[in-house]
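For reference, the structure discussed in these notes is given below.
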Amino acid sequence: MRRLTGLRTPFRSASPVLSVLMTVLLSSCNTAAFEGNNGTKDGASSDGKGGNAAGQPGGPGNASASPNDPSKGGKLPYGTPPTTDLANAGWADNKLGSTIDNLLKSGGIGGTSGDSPNGSLGGGGGAAGTITTSGGVSGQINTGGGKNGPSIDTTTGSGGGIATDSDGLLWIPCKAGSADGGTFPSDFYGKKGTKIRVAGEFCPSLEIKGDLTIVFVLDHSGSMEGNPFEGPNDPTTGGSCGRLKAAQSLVQRYASMTSANIKAGVVGFSIAARVQLPIAPLSNLQNNLTSSVFCGSDSPIATTNYAAAFATTAAQLQNVPGTKLIYFISDGSPTTGGLDPHQAGLSAATALRAIPDLTLYALFVGYKSGGADNPQGYMNQITGNPALVRITANADELAKAAAGLAQSTVTINKDDTTAKLDNPQGSKAVGIDRFVLRADKPSTYSWMTAPIELVGDVNAAVVNQLTVTSKSSAGGPLQTIGKITFHEQAN
């Protein structure tokens, strides 16, 4: 049950007795909790591996410095190439290493508290764990072409381990236009026994072909525009709102899909539901991306009826062929629609999802992290899949969350993801320590291996090749290869 929406000026002149009764009623509704599992707090901290106080000694310097080899005056502390950006593959610096570690703990960048909507599935991954990356004091190595080159930190100097239990972290994100990272070559410099981790992502996508129908199901309850007791959760500002911005970003994405025959419509609801735009070619929706359709409240006291919203949407989609995508946007749980509005809403959502080839997304706006009434669990039940839920605090977050949902969901199972390391000593399996569905990037799965001890030879560079493979519900193999040339340094 959501807090009652609305109650502006029409009730300000009410009698003192009525005012007291309304205050008690609203107070009781405000404390009503959402149903379902709201997730648990499981954040943790772990210290990274510190470096040696003296760092790794450098070589004697070289008149012609090598850009790749620290022992010959190179300036790269771990290997080549380095990266400070999640969009680029390479050996992560300390800051990026902490970002990746946080991402793989919380399920997405931006996760904050235990019930964070940006955390792991089911309501949050807890306060994001941190890695202590400060190691020993700066290592000194001779990097110049002459006698006294400047000092820099080395892998075992200041900065210590980039990821817990490792001396370096190789990050291999998806290549542009690809569902995996392909093959990425790199060099790494370290002593015998050096351990590294490799992390990366798989980004499977499903191209929609044939008939596609999109329906926006929009909450117009009083709290969207605000009232003395609640909101505004998605107010109309400058002729726009989060619901409109969300639709604009999604429609723009779909309009670029030339492989599908796209139709779209809009259902609005508060105490009851109505068809605002009947299902028609996408161009009709494009011509009606206005605040009068997408923004506003039906009245300051308009309540919320999920059951009517889903039933009206289902009626519009009976016998509609092809793929169907529903974008349900609300700022609270149902307060009307039957003796048990929650159960009535869930039953209607279940019936809607029974329509063939239909995906129901739920975008919630107005939830403040740490609040008592976490909507995550109930939204998970409404969609039937936590990956289809986005919980946001305001209009800007709503628009950003919607922008990444212009596709059908593609899934990968951790059990289908394996890794192996090949080097002159043979081939052996490598464990996948972490595997998460990203909350900040839909249908993107990030993974991290267990620590890997590199095989080397002080007299020659040795290739250690890590191959990570998987498959998705969209079909086709996924494969990322980290081809690491290890330069073992003498003790």
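Chain lettering (A, B, ...) mirrors the order of the structure tokens, residue numbering begins at 1 for each chain separately, and ligand numbering begins at 1 in order of display.
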
So that I can check the secondary structure, give me every residue of segment 153-335 of chain A assigned helix (DSSP H, G or I) by backbone DSSP, as a VMD selection string. chain A and resid 222 to 225 242 to 255 282 to 286 291 to 294 306 to 317

Mind writing the picked residues with N, CA and C atoms as a tab-separated table (two decimals), in the first residue's frame?
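Contents of the output file out12.tsv:
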```tsv
chain	number	residue	atom	x	y	z
A	222	GLY	N	-1.74	11.73	-7.54
A	222	GLY	CA	-1.50	13.07	-7.03
A	222	GLY	C	-0.08	13.34	-6.60
A	223	SER	N	0.60	12.32	-6.11
A	223	SER	CA	1.96	12.51	-5.60
A	223	SER	C	2.98	12.81	-6.69
A	224	MET	N	2.64	12.55	-7.95
A	224	MET	CA	3.57	12.88	-9.02
A	224	MET	C	3.84	14.38	-9.05
A	225	GLU	N	2.79	15.18	-8.93
A	225	GLU	CA	2.95	16.63	-8.89
A	225	GLU	C	3.14	17.16	-7.48
A	242	GLY	N	10.06	13.56	-15.85
A	242	GLY	CA	10.85	12.34	-16.03
A	242	GLY	C	10.18	11.33	-16.91
A	243	ARG	N	8.85	11.20	-16.78
A	243	ARG	CA	8.12	10.25	-17.63
A	243	ARG	C	8.26	10.59	-19.11
A	244	LEU	N	8.18	11.88	-19.42
A	244	LEU	CA	8.32	12.31	-20.81
A	244	LEU	C	9.74	12.12	-21.30
A	245	LYS	N	10.73	12.48	-20.48
A	245	LYS	CA	12.13	12.33	-20.87
A	245	LYS	C	12.47	10.85	-21.08
A	246	ALA	N	11.93	9.99	-20.23
A	246	ALA	CA	12.16	8.55	-20.37
A	246	ALA	C	11.61	8.06	-21.70
A	247	ALA	N	10.38	8.48	-22.03
A	247	ALA	CA	9.77	8.05	-23.29
A	247	ALA	C	10.54	8.60	-24.49
A	248	GLN	N	10.99	9.83	-24.40
A	248	GLN	CA	11.74	10.42	-25.51
A	248	GLN	C	13.02	9.64	-25.81
A	249	SER	N	13.75	9.26	-24.75
A	249	SER	CA	15.00	8.53	-24.96
A	249	SER	C	14.74	7.15	-25.53
A	250	LEU	N	13.68	6.48	-25.07
A	250	LEU	CA	13.36	5.15	-25.57
A	250	LEU	C	12.86	5.21	-27.01
A	251	VAL	N	11.98	6.13	-27.30
A	251	VAL	CA	11.45	6.25	-28.65
A	251	VAL	C	12.56	6.56	-29.65
A	252	GLN	N	13.50	7.38	-29.23
A	252	GLN	CA	14.63	7.69	-30.11
A	252	GLN	C	15.42	6.44	-30.47
A	253	ARG	N	15.63	5.58	-29.48
A	253	ARG	CA	16.35	4.34	-29.73
A	253	ARG	C	15.57	3.43	-30.67
A	254	TYR	N	14.28	3.29	-30.42
A	254	TYR	CA	13.47	2.39	-31.24
A	254	TYR	C	13.30	2.91	-32.66
A	255	ALA	N	13.23	4.21	-32.81
A	255	ALA	CA	13.05	4.79	-34.14
A	255	ALA	C	14.23	4.48	-35.06
A	282	LEU	N	4.55	3.95	-34.76
A	282	LEU	CA	5.41	4.69	-33.85
A	282	LEU	C	5.37	6.20	-34.12
A	283	SER	N	5.19	6.57	-35.35
A	283	SER	CA	5.16	7.99	-35.70
A	283	SER	C	4.06	8.73	-34.95
A	284	ASN	N	2.97	8.04	-34.65
A	284	ASN	CA	1.88	8.69	-33.90
A	284	ASN	C	2.33	9.04	-32.49
A	285	LEU	N	3.07	8.13	-31.87
A	285	LEU	CA	3.61	8.42	-30.54
A	285	LEU	C	4.64	9.53	-30.61
A	286	GLN	N	5.49	9.50	-31.63
A	286	GLN	CA	6.49	10.55	-31.78
A	286	GLN	C	5.84	11.93	-31.86
A	291	SER	N	3.96	17.00	-22.73
A	291	SER	CA	3.70	16.97	-21.29
A	291	SER	C	2.23	16.66	-21.00
A	292	SER	N	1.34	17.05	-21.90
A	292	SER	CA	-0.08	16.79	-21.66
A	292	SER	C	-0.40	15.30	-21.65
A	293	VAL	N	0.39	14.49	-22.35
A	293	VAL	CA	0.20	13.04	-22.39
A	293	VAL	C	0.99	12.35	-21.28
A	294	PHE	N	2.23	12.76	-21.06
A	294	PHE	CA	3.13	12.01	-20.20
A	294	PHE	C	3.28	12.57	-18.79
A	306	TYR	N	-3.02	-0.24	-9.61
A	306	TYR	CA	-2.21	-1.09	-10.50
A	306	TYR	C	-3.08	-2.07	-11.27
A	307	ALA	N	-4.08	-2.64	-10.59
A	307	ALA	CA	-4.90	-3.68	-11.22
A	307	ALA	C	-5.57	-3.15	-12.48
A	308	ALA	N	-6.14	-1.95	-12.40
A	308	ALA	CA	-6.78	-1.35	-13.57
A	308	ALA	C	-5.76	-1.05	-14.67
A	309	ALA	N	-4.58	-0.59	-14.29
A	309	ALA	CA	-3.54	-0.26	-15.27
A	309	ALA	C	-3.14	-1.49	-16.08
A	310	PHE	N	-2.89	-2.60	-15.39
A	310	PHE	CA	-2.43	-3.81	-16.09
A	310	PHE	C	-3.58	-4.46	-16.89
A	311	ALA	N	-4.80	-4.42	-16.35
A	311	ALA	CA	-5.92	-5.01	-17.06
A	311	ALA	C	-6.22	-4.24	-18.35
A	312	THR	N	-6.15	-2.91	-18.29
A	312	THR	CA	-6.39	-2.09	-19.48
A	312	THR	C	-5.31	-2.33	-20.52
A	313	THR	N	-4.07	-2.47	-20.07
A	313	THR	CA	-2.97	-2.75	-21.00
A	313	THR	C	-3.15	-4.11	-21.65
A	314	ALA	N	-3.53	-5.10	-20.87
A	314	ALA	CA	-3.73	-6.45	-21.42
A	314	ALA	C	-4.82	-6.45	-22.48
A	315	ALA	N	-5.88	-5.70	-22.24
A	315	ALA	CA	-6.97	-5.64	-23.21
A	315	ALA	C	-6.51	-5.05	-24.54
A	316	GLN	N	-5.56	-4.12	-24.48
A	316	GLN	CA	-5.03	-3.50	-25.69
A	316	GLN	C	-4.15	-4.46	-26.49
A	317	LEU	N	-3.62	-5.47	-25.82
A	317	LEU	CA	-2.61	-6.33	-26.47
A	317	LEU	C	-3.14	-7.71	-26.86
```

Please identify every residue of segment 219-253 of chain A that has at least one atom no farther than 6 Å from an atom of segment 262-280 of chain A, counting only C-alpha atoms, and for each give the shortest atom pair and the distance in Å to one decimal, arranged by chain then increasing number, as CSV.
```
residue,atom,partner,partner_atom,distance
A:Asp219,CA,A:Phe269,CA,5.3
A:His220,CA,A:Ser270,CA,5.3
A:Ser221,CA,A:Ser270,CA,4.8
```

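Atom pair atom CA of Asn261 of chain A / atom CA of Thr359 of chain A: separated by 17.1 Å.
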
Atomic separation - atom CA of Lys414 of chain A relative to atom CA of Ile391 of chain A, Å: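 Straight-line distance from atom CA of Ile391 of chain A to atom CA of Lys414 of chain A works out to 24.6 Å.
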
Name the closest residue to Gly296 of chain A among the candidates A:Thr237, A:Ser443, A:Asn102, A:Ser473; distances are taken between atoms, counting only C-alpha atoms.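 Among the listed residues, A:Thr237 lies closest to Gly296 of chain A.
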
If we count only C-alpha atoms and set the cut-off at 7 Å, which residues sit around segment 196-207 of chain A, ignoring sequence neighbours fewer than 5 positions away in its own chain? Please answer as a PyMOL selection string. chain A and resi 166-174+179-180+407-408+410+443-453+472+474

With only C-alpha atoms as the atoms that count, which of A:Thr383, A:Ser330, A:Thr467, A:Ser427 lies nearest to Val217 of chain A?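 The closest residue to Val217 of chain A is A:Ser330.
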
Quick check, in Å to one decimal: how far apart do atom CA of Asn88 of chain A and atom CA of Lys483 of chain A lie?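 Atom CA of Lys483 of chain A lies 15.8 Å from atom CA of Asn88 of chain A.
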